[in-house]
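Working notes, structure below.
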Amino acid sequence: SLSPSVSLCLPLPLLSLFLSLPLSCFNYLSSPSLSPSLSLSSPPRSLSPLSLALSPLLLTLSPPLSQDIINTLEERLKPLVEAELSVLVDVLHRPELLFLEGTDARVRCETGGFISKLIQHTKTLMTSEEKLCIKVLRTLQEMLIRKYDFDEKGITLRKVLMQNYLFNNKKPGSKGELVELGVAVGPEAEIDWATVAAVQCRLDREGATKLVTDLIMSTKNDKIFFESMQLAICLLEGGNTEIQNSFYKLMMGDNKSEKFFKVLHDRMRGAQQDIKATVSVNVGEMSNRAQDSKELDQGVSPQFAVPLPGQPPPGQPPHEQLEPEAEMGPAVMIMKPIMRFLQLLCENHNQDLQNFLRCQNNKTNYNLVCETLQFLDIMCGSTTGGLGLLGLYINEGNVGLITQTLETLTEYCQGPCQENQTCIVTHESNGIDIITALILNDISPLCRYRMEMVLQLKDNASKLLLALMESRHDNENAERILFNLRPQELIEVIKKAYHQEKDCEGGEVSPREVGHNIYILALQLARHNKVLLHLLKPPKRTQEEGEEGISSMLNLNNRPLSQMLKSSVPAETEAEDPLEYYEKHTAQIEIVREDRSMEQIVFPVHSICEFLTEESKHRVFTTTEQDEQGSKVSDFFEQSTFLHNEMEWQKKLRSMPLLYWFSRRMTLWGSISFNLAVFINLIIAVFYPHHSGAVESPVLPILFWAMLALALVGMFSQRNGLRPLSVALILRSIYHFGIGPTLLTLGTLNLINKIVFLVSFVGNRGTFIRGYRAMVMDVEFMYHVVYVLTSTLGLCVHELFYSILLFDLIYREETLFNVIKSVTRNGRSILLTALLALILVYLFSIVGFLCLKDDFIMEVDHLPQPKELELGAHGEAAQDFLNSCSGDQVSCTAGASLLAVPEEEDDGTERACDTLLMCIVTVLNHGLRNGGGVGDVLRKPSKDESLFPARVVYDLLFYFIVIIIVLNLIFGVIIDTFADLRSEKQKKEEILKTTCFICGLERDKFDNKTVSFEEHIKMEHNIWNYLYFIVLVREKNKTDYTGPESYVAMMIKNKNLDWFPRMQAMSLVVTEGDGEQNEMRNLQDRLNSTMKLVTHLTTQLTELKEQMTEQRKRRQRMGFVDVQSSAGTVPPGAGVGGNHQIVKT
C-alpha cells in the first residue's frame, strides 16, 4: 500500500468537488471507530465505471476518504450518466433522426433496417459476446418500457443532447421530444401505453419476438435467459394481443412449441427439485416454531411489543426469515419472470394460448398449467406435510414469487377457460387446499412486519378461487373448494380484514378491499353450502331503513321542508357490522352471453358510485323512454356516460365544502325563490300604485297576529309553519316601513337567493367544466339565467317585471308543463292549420272587397273629447270655410249651417273595406272572434236586395269552413295532445310500477314463483346495479378484467346491448325448467334406488346361496337322509293353516 502522505495534483473540477464535500467526510477520517482493515489491498466489493476512472487520482488518498469521494461523485453524476444513456437508447430506437431528410441512410433507417440488423446480430452475440448480448437485450427492453426518474439537471442535459442529435431541426420544447418518443419522466409519470404498443409492434415486425423464442430455446446462460424473458415480458406488457398472436404463430408455424415448452418445463422441474433440496425443516422444528409463533401471537400486540434481547424489533423481519431468501437459488429466482411471461401470454383471456399452455398436440405434451400448480404446491411446503404451517415456508423472500404464481394461475382460468379450471381442480396435488389455506391462515410471522404482502397474497388467492368458479353452471369446482374449507373460519377472515383497515391506512393494499374480495368468494360458495349462506346474513337491524323501491323514486319531490334544513354534520352512529358493510357495497346482475346463456355476476360497487345523487336517480328512472321494441335499456345506456361524469364531478365537489353545502340544498333555494316571487306579486296586485310611507290600515295588525298564531301552531305540530311566519313578517314590514322598502327588501332577497340557486345548480351539474358551448346549449341553465336577469330588472327598472317570475310555476309543476307541451308537441300541425285559416281569411277578404264592399260598415265608438277642444276645432274650420267662400264670391250660408251642427251627421259607423288590407284586417279580427263568423258584424241586408243570396252564401261558407272546421281542428289537436300526454303519463307510471326496467317482464310473470317481482327488481335486475357495473368496467384496468367483465367491456365498446337480459330472468328460467329437471331428477333418484335395491338383493341372494351350499355340505358330512327321498314324506300337521294334505298310495 502507498503512504497517505504522498500527494498528487488533482484536476480543478475534482478539487472543487472535493472541497465541497460535507464536513462529515472529514470527521470520518479522525473517527476512532475507523476500521484498520480498510486499505487499497482490499478494494470494495463493486467498483463503478466512475470509480475505475478516478482510481489513479485517488490512490494517494486514504481509503475511507477516497471511498467517500467516489460515493459523492457517483451520487451527483448518476442522474447525468442515466440521462446520457437514455439518449443512447433513443438514438438506437430512432436512428433515422441522426440523418438529414431525403438521404439514403435515413430512408434505410426509417424502414427498420438498423433495428432489424441489431436484432439479427444479437443472436450471433449469444455465443461470442455474452456481455454485449445482455446489453443489447437490456437496450431493447428500455426501448419498450422507459420510465426515468431524473432531476432537473438530468432533464436539462437530456433536452440538450436530444436537441443536438435527434431534434436539431426543431425548436426545443418543454417535454415535446420526451412525449414523442414515449418516455415517462418523473417518479409519478404515467406510461403512454398507446405509444408503448406501437413500439412493441414495430420491434415485433423487425424480429424481436423470434429473437426471444430462439434465445430461450438455445441459450445455456442463465443471464441471457433472464434478459430474454424480461424482453418477452416488455413485448407483452399491457396485454398486446398482436404480440400474443405472434408468439402463437411462431409456436404453431415452425414446430418450435415442443422444444420451447420443454425448456420452460425443465426450468420448472429444476426449480421444484431445488426447492425440495433446500427445504431442511423437519416436523419437530416446524412444531416448535409454530408453538413459538402461537405464543407470540397470544402475547402483546405487535404494535406495542418490546423486543427481548437478541430478538429483532417488531417492525423488522426476524433473522430466521432471512434464511429462506438467501437459500433461493438462481433456478428458483428465474421462475418469477417465467411466471410473469406465462401470465402475459394469457392476458386479456386469450383462450388459444390458455389451451396451448395445457396441450400442444405434439408428440410430447408439456402441461404447464399442472406444472404451475405443482410448483405452487411445493413452494408452500405441502409435500412435507406442513399444510397448516404456511408461515414457515412463506417469507419475505419468496412471497413475491408465490403471488406471481397465483396471478398466473388466475390468468390461466379467467375467460373462462373451463378446461384449465377442471385441470387445476382435479389435479392430484394439494394445490386447492394450499390456496384455501392461504386465505384462512395468518401466515405468521410474516404478517407481523409485512402485512401488505400477506394481504396481497390473500387477495390473489381469493381471485384465483373465483376464477376457478367463473361462469360455471355446475357445482363440481365449488364442492372441491368447500371440501376442506371451514365456513366459520372464512367469515372470521372477512371480519378481521374489515377491522384491519384502521391499522393499515395509507398502505398499498387495502385490507377492506381484500376482505371484500373474500366476501364475494364466500357469496359464490354460499350457493352450494347452506351453512355458509346462513353465516353470511348480517344481524337484523334495529331500525328499518327505507327501501329503494319504485314508490320512493316516484315520490322523491314530496319531501318536507324540514328535512332539507337538516345539518350537514353526520350524526354519530354505532360501528357498522362488516357483513352489513360488504352487503351494501356488493351488487349482482344477470348478463346474457354470446351463446344466449344467462350468467349471474357478483361484483364490488366502485367507490365513485356513492356520489350518484338521488335527484339524478329519480330523473333517470322517470324520464327514460322506451324504444320501438318497448325496452328502456338503449336510452338508459346512452345516459350512463352522463351519469358517470356526474359521479366524477360530485366527487370533485366534495373537495369544495362551501359549494357542496349550497349545492345539496338546491331544492330549498328553488322553493324560497318561488315563494318570494308569489309574495312580491301579491303585494303589487293589492297595493299598486303605492305611495311612500307606512300603510295606516287596521286590517294589517289583525292579519299579522293571525298569521303569527298560525305559524306557531304549525311549528308546534311539526308541520310547515315557515310560510305563515314569512307572511306575518311581510305584513309587519308593510305596516311599519311601507310598500316601497318592503318590495325593495323582498326583491333583493329574491335576487340573492336566485343567484345562490344558480350556483347550486352549477355545482350539482358541473356546468362550467363542460365548456361555454355546453352552457349555452343547456336550456335549463339558460332558463335560470333569464330568471336572474328578470329579477334584476324588477329590482332596478320597474317592479311590474316581477310578474314574469310567476311563470316559474310551469317549470315546477309537471301538469302545467304538460299543458304547454300539448300546444308545442304538435306545433307544426297547429301552425299549418293556422296557415290554412289565414289563406281562407285572405280569400274571403278578396270576395268581400270585390262584391260586398258596402256591407262592411262597422259601428265604432269615438273617444270622448273635451267640449272646448271640439268647439275650438269646429270654429276654426268654419272660419276657414267662410274666408274661402268670400274669396271666391260664393254664398256660404248653407255650408255655414252645415258646419254649425257636425254632430248630427256622425251616426257612429265607418266603412271598413275601402282597401283590401282593411278588408283582411276586418275579416281576421271580427270574423274569427265572433261565434257566427264575419256575418255577425256586417250590415244586415234586405231580402229585396240583388246580392242577398250571395251574402247568405258568403256568411254560411265562412261560418262552416273557418269557424266550425278550421278553428275546431286547431282546438282538437290541442285537446287530443293533452289527452295523449295524460294517458302517456298514466301508462308510464303503470309501466314503472308493474314492469321490470331492465328485462321488461311484467309483474304477473312472477306470480306463484320462488322470486317475487319486488325481489326481482331489487336483487336480480336492479337498474342501479347495472349502472354500477358499467362504471366498474370503465374505471377498472383492462388487464385486471375477469371473463364476464372483459365480455361486457367489449360489448360496451361496440355499443352492443345484447348483454342485457331481454324478457328473461334466471329465476324464471330455473322455475320453468323445474318440471323437466325435477322429473329427470326423480327418474334418476328412482333408478339409483332401484340399482341399490338390486345390488342389495343380489348380495343377499349370493349370501343365501353360499349358506345353502355350506348347509348342504354339512348335512352330507353328517350322514343325513338324502333330500330327494325325504321330500315325498310329509309329517302330520305340516300343512299350513290346518289344510292337511292326503297322500294317496
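We name chains A, B, ... following the order of the C-alpha cells; residues begin at 1 in each chain, and ligands are numbered from 1 as shown.
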Check range 775-1024 of chain A with DSSP on the backbone and list each residue it calls alpha helix (DSSP H), as JSON, numbers by chain. {"A": [775, 776, 777, 779, 780, 781, 782, 783, 784, 785, 786, 787, 788, 789, 790, 791, 792, 793, 794, 795, 796, 808, 809, 810, 811, 812, 814, 815, 816, 817, 818, 819, 820, 821, 822, 823, 824, 827, 828, 829, 830, 831, 832, 833, 834, 835, 836, 837, 838, 839, 840, 841, 842, 843, 844, 845, 846, 847, 848, 849, 850, 851, 867, 868, 869, 870, 871, 872, 873, 874, 875, 876, 877, 878, 879, 880, 881, 882, 883, 884, 885, 886, 887, 888, 893, 894, 895, 896, 897, 898, 899, 900, 916, 917, 918, 919, 920, 921, 922, 928, 929, 948, 949, 950, 951, 952, 953, 954, 955, 956, 957, 967, 968, 969, 970, 971, 972, 973, 974, 975, 976, 977, 978, 979, 980, 981, 982, 983, 984, 985, 986, 987, 988, 989, 990, 991, 992, 993, 994, 1013, 1014, 1015, 1023, 1024]}
Would you work out the distance separating CA of Met1118 in chain A from CA of Glu1106 in chain A, expressed in Å to one decimal? 18.4 Å
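As for CA of Asn365 in chain A and CA of Gly431 in chain A, they are spaced 21.3 Å apart.
CA of Glu411 in chain A is positioned 24.2 Å from CA of Ile443 in chain A.
Nearest to Ile839 in chain A of all the residues A:Val399, A:Ile961, A:Arg340, A:Glu780 is A:Ile961, counting only C-alpha atoms.
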Surrounding residues of range 625-631 of chain A excluding itself and chain neighbours under 6 positions, 9 Å, only C-alpha atoms, as a ChimeraX atom specification: /A:997-1000,1062
Those residues with N, CA, C and O atoms, as a CSV table (one decimal), in the first residue's frame please?
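And here is the file that came out, part_33.csv:
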chain,number,residue,atom,x,y,z
A,997,PHE,N,-87.5,-2.7,-15.3
A,997,PHE,CA,-86.9,-1.7,-16.1
A,997,PHE,C,-85.9,-2.3,-17.1
A,997,PHE,O,-85.7,-1.8,-18.2
A,998,ILE,N,-85.2,-3.4,-16.7
A,998,ILE,CA,-84.1,-4.0,-17.5
A,998,ILE,C,-84.7,-5.0,-18.5
A,998,ILE,O,-84.5,-4.9,-19.7
A,999,CYS,N,-85.4,-6.0,-18.0
A,999,CYS,CA,-85.8,-7.1,-18.9
A,999,CYS,C,-87.2,-6.9,-19.5
A,999,CYS,O,-87.5,-7.5,-20.5
A,1000,GLY,N,-88.0,-6.0,-18.9
A,1000,GLY,CA,-89.3,-5.7,-19.5
A,1000,GLY,C,-90.4,-6.7,-19.1
A,1000,GLY,O,-91.5,-6.7,-19.6
A,1062,ARG,N,-83.3,-9.7,-22.0
A,1062,ARG,CA,-84.5,-9.2,-22.6
A,1062,ARG,C,-85.6,-10.2,-22.5
A,1062,ARG,O,-85.4,-11.3,-23.0
Show which residues sit within 10 Å of Leu643 in chain A, as a list in words. Count only C-alpha atoms, and ignore same-chain residues fewer than 2 positions away. Cys609, Phe611, Leu612, Thr613, Ser616, Lys617, Val620, Phe636, Phe637, Glu638, Gln639, Ser640, Thr641, Asn645, Glu646, Met647, Glu648, Trp649, Leu1027 and Val1031 of chain A
Can you tell me which residues surround range 495-502 of chain A at a distance of at most 10 Å, considering only C-alpha atoms, apart from same-chain residues fewer than 4 positions away, and format the answer as a short mmCIF file (atom, residue, chain, number, x, y, z; two decimals) with all heavy atoms, in the first residue's frame?
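After the write, selection_15.cif holds the following:
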data_model
loop_
_atom_site.label_atom_id
_atom_site.label_comp_id
_atom_site.auth_asym_id
_atom_site.auth_seq_id
_atom_site.Cartn_x
_atom_site.Cartn_y
_atom_site.Cartn_z
N MET A 451 -47.39 -6.78 6.52
CA MET A 451 -48.80 -7.12 6.40
C MET A 451 -49.31 -6.90 4.98
O MET A 451 -50.21 -7.63 4.52
CB MET A 451 -49.61 -6.27 7.39
CG MET A 451 -51.05 -6.71 7.53
SD MET A 451 -51.16 -8.40 8.18
CE MET A 451 -52.86 -8.81 7.85
N LEU A 455 -51.64 -9.45 2.73
CA LEU A 455 -52.93 -9.05 2.17
C LEU A 455 -52.97 -9.27 0.67
O LEU A 455 -53.97 -9.72 0.11
CB LEU A 455 -53.19 -7.58 2.50
CG LEU A 455 -53.48 -7.26 3.98
CD1 LEU A 455 -53.57 -5.76 4.19
CD2 LEU A 455 -54.78 -7.92 4.43
N GLU A 489 -64.46 -20.14 9.75
CA GLU A 489 -63.15 -19.50 9.63
C GLU A 489 -63.13 -18.49 8.49
O GLU A 489 -62.50 -17.43 8.59
CB GLU A 489 -62.08 -20.57 9.41
CG GLU A 489 -61.84 -21.47 10.60
CD GLU A 489 -60.67 -22.41 10.38
OE1 GLU A 489 -59.97 -22.25 9.35
OE2 GLU A 489 -60.46 -23.30 11.22
N LEU A 490 -63.83 -18.79 7.41
CA LEU A 490 -63.88 -17.85 6.30
C LEU A 490 -64.58 -16.55 6.72
O LEU A 490 -64.14 -15.45 6.36
CB LEU A 490 -64.61 -18.49 5.12
CG LEU A 490 -64.61 -17.70 3.81
CD1 LEU A 490 -63.18 -17.52 3.28
CD2 LEU A 490 -65.46 -18.40 2.76
N ILE A 491 -65.64 -16.66 7.49
CA ILE A 491 -66.34 -15.46 7.98
C ILE A 491 -65.44 -14.66 8.91
O ILE A 491 -65.40 -13.42 8.87
CB ILE A 491 -67.65 -15.86 8.69
CG1 ILE A 491 -68.58 -16.60 7.71
CG2 ILE A 491 -68.35 -14.64 9.26
CD1 ILE A 491 -69.00 -15.79 6.52
N GLY A 506 -53.15 4.03 4.44
CA GLY A 506 -52.07 4.55 3.62
C GLY A 506 -51.21 3.49 2.97
O GLY A 506 -50.24 3.81 2.29
N GLY A 507 -51.54 2.21 3.16
CA GLY A 507 -50.76 1.15 2.55
C GLY A 507 -51.13 0.95 1.09
O GLY A 507 -52.11 1.49 0.57
N VAL A 509 -52.04 -1.89 -0.24
CA VAL A 509 -53.18 -2.79 -0.34
C VAL A 509 -54.14 -2.47 0.80
O VAL A 509 -53.74 -2.34 1.95
CB VAL A 509 -52.73 -4.27 -0.26
CG1 VAL A 509 -53.92 -5.20 -0.42
CG2 VAL A 509 -51.67 -4.55 -1.31
N SER A 510 -55.42 -2.31 0.45
CA SER A 510 -56.43 -2.01 1.46
C SER A 510 -56.98 -3.31 2.03
O SER A 510 -57.49 -4.15 1.29
CB SER A 510 -57.56 -1.19 0.83
OG SER A 510 -58.64 -1.05 1.72
N PRO A 511 -56.88 -3.52 3.34
CA PRO A 511 -57.44 -4.75 3.93
C PRO A 511 -58.94 -4.87 3.69
O PRO A 511 -59.46 -5.97 3.52
CB PRO A 511 -57.12 -4.60 5.42
CG PRO A 511 -55.98 -3.64 5.48
CD PRO A 511 -56.18 -2.70 4.34
N ARG A 512 -59.64 -3.75 3.65
CA ARG A 512 -61.08 -3.80 3.43
C ARG A 512 -61.41 -4.30 2.03
O ARG A 512 -62.38 -5.03 1.83
CB ARG A 512 -61.68 -2.42 3.69
CG ARG A 512 -63.19 -2.40 3.74
CD ARG A 512 -63.69 -1.12 4.39
NE ARG A 512 -63.35 -1.06 5.81
CZ ARG A 512 -63.67 -0.04 6.60
NH1 ARG A 512 -64.30 1.00 6.10
NH2 ARG A 512 -63.34 -0.06 7.88
N GLU A 513 -60.60 -3.91 1.04
CA GLU A 513 -60.82 -4.41 -0.32
C GLU A 513 -60.52 -5.90 -0.41
O GLU A 513 -61.22 -6.64 -1.11
CB GLU A 513 -59.95 -3.63 -1.31
CG GLU A 513 -60.35 -2.17 -1.47
CD GLU A 513 -59.47 -1.46 -2.48
OE1 GLU A 513 -58.60 -2.13 -3.06
OE2 GLU A 513 -59.66 -0.25 -2.69
N VAL A 514 -59.48 -6.34 0.30
CA VAL A 514 -59.18 -7.77 0.33
C VAL A 514 -60.34 -8.54 0.97
O VAL A 514 -60.78 -9.58 0.46
CB VAL A 514 -57.87 -8.03 1.08
CG1 VAL A 514 -57.60 -9.52 1.19
CG2 VAL A 514 -56.71 -7.33 0.37
N GLY A 515 -60.84 -8.01 2.08
CA GLY A 515 -61.99 -8.64 2.70
C GLY A 515 -63.21 -8.65 1.80
O GLY A 515 -64.02 -9.59 1.84
N HIS A 516 -63.34 -7.61 0.98
CA HIS A 516 -64.47 -7.55 0.05
C HIS A 516 -64.37 -8.67 -0.99
O HIS A 516 -65.37 -9.32 -1.33
CB HIS A 516 -64.50 -6.18 -0.63
CG HIS A 516 -65.86 -5.81 -1.14
ND1 HIS A 516 -66.19 -4.55 -1.55
CD2 HIS A 516 -66.97 -6.56 -1.33
CE1 HIS A 516 -67.44 -4.54 -1.95
NE2 HIS A 516 -67.94 -5.74 -1.83
N ILE A 518 -62.84 -11.53 -0.61
CA ILE A 518 -63.12 -12.79 0.07
C ILE A 518 -64.61 -12.93 0.35
O ILE A 518 -65.18 -14.03 0.28
CB ILE A 518 -62.30 -12.88 1.37
CG1 ILE A 518 -60.79 -12.76 1.07
CG2 ILE A 518 -62.57 -14.18 2.10
CD1 ILE A 518 -59.91 -12.74 2.29
N TYR A 519 -65.28 -11.80 0.62
CA TYR A 519 -66.73 -11.83 0.83
C TYR A 519 -67.46 -12.26 -0.44
O TYR A 519 -68.42 -13.05 -0.40
CB TYR A 519 -67.20 -10.46 1.29
CG TYR A 519 -68.70 -10.33 1.44
CD1 TYR A 519 -69.34 -10.81 2.57
CD2 TYR A 519 -69.48 -9.74 0.44
CE1 TYR A 519 -70.72 -10.70 2.72
CE2 TYR A 519 -70.85 -9.63 0.57
CZ TYR A 519 -71.47 -10.11 1.71
OH TYR A 519 -72.82 -10.01 1.84
N ASP A 577 -71.51 -3.33 11.14
CA ASP A 577 -71.12 -4.73 11.06
C ASP A 577 -70.40 -4.98 9.74
O ASP A 577 -70.83 -4.48 8.69
CB ASP A 577 -72.36 -5.61 11.17
CG ASP A 577 -72.00 -7.08 11.17
OD1 ASP A 577 -71.47 -7.56 12.17
OD2 ASP A 577 -72.24 -7.74 10.13
N PRO A 578 -69.29 -5.73 9.75
CA PRO A 578 -68.55 -5.96 8.49
C PRO A 578 -69.41 -6.61 7.40
O PRO A 578 -69.36 -6.20 6.24
CB PRO A 578 -67.39 -6.87 8.92
CG PRO A 578 -67.20 -6.59 10.37
CD PRO A 578 -68.56 -6.29 10.91
N LEU A 579 -70.20 -7.61 7.78
CA LEU A 579 -71.03 -8.27 6.77
C LEU A 579 -72.08 -7.32 6.22
O LEU A 579 -72.41 -7.37 5.03
CB LEU A 579 -71.70 -9.50 7.39
CG LEU A 579 -70.76 -10.61 7.86
CD1 LEU A 579 -71.55 -11.76 8.45
CD2 LEU A 579 -69.87 -11.09 6.72
N TYR A 581 -71.71 -4.06 5.98
CA TYR A 581 -70.98 -3.12 5.10
C TYR A 581 -70.72 -3.75 3.74
O TYR A 581 -70.97 -3.12 2.70
CB TYR A 581 -69.67 -2.73 5.78
CG TYR A 581 -68.71 -1.99 4.86
CD1 TYR A 581 -68.84 -0.62 4.64
CD2 TYR A 581 -67.68 -2.67 4.21
CE1 TYR A 581 -67.98 0.06 3.80
CE2 TYR A 581 -66.81 -2.00 3.36
CZ TYR A 581 -66.97 -0.64 3.17
OH TYR A 581 -66.11 0.02 2.31
N TYR A 582 -70.24 -4.98 3.73
CA TYR A 582 -69.94 -5.63 2.45
C TYR A 582 -71.22 -5.90 1.65
O TYR A 582 -71.21 -5.86 0.43
CB TYR A 582 -69.18 -6.93 2.70
CG TYR A 582 -67.75 -6.72 3.14
CD1 TYR A 582 -67.23 -7.39 4.24
CD2 TYR A 582 -66.91 -5.84 2.46
CE1 TYR A 582 -65.91 -7.20 4.65
CE2 TYR A 582 -65.60 -5.64 2.86
CZ TYR A 582 -65.10 -6.32 3.95
OH TYR A 582 -63.80 -6.12 4.34
#
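With distances restricted to only C-alpha atoms, A:Arg593 is the closest residue to Glu1045 in chain A from A:Arg448, A:His798, A:Arg593, A:Arg269.
Among the candidates A:Thr824, A:Asn764, A:Ser671, A:Ser597, the residue lying nearest to Arg654 in chain A is A:Asn764 (atoms considered: only C-alpha atoms).
Restricting the calculation to only C-alpha atoms, the smallest distance between Lys210 in chain A and any of A:Lys754, A:Lys1036, A:Lys1053, A:Lys249 is found for A:Lys249.
Residue nearest Arg486 in chain A, chosen from A:Cys504, A:Thr127, A:Glu1015, A:Asn529 and counting only C-alpha atoms: A:Asn529.
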Close residues, Leu957 in chain A itself excluded, 12 Å, only C-alpha atoms, min 6 positions apart in chain, as a ChimeraX atom specification: /A:840-841,843-844,847,927,932-935,950-951,963-966
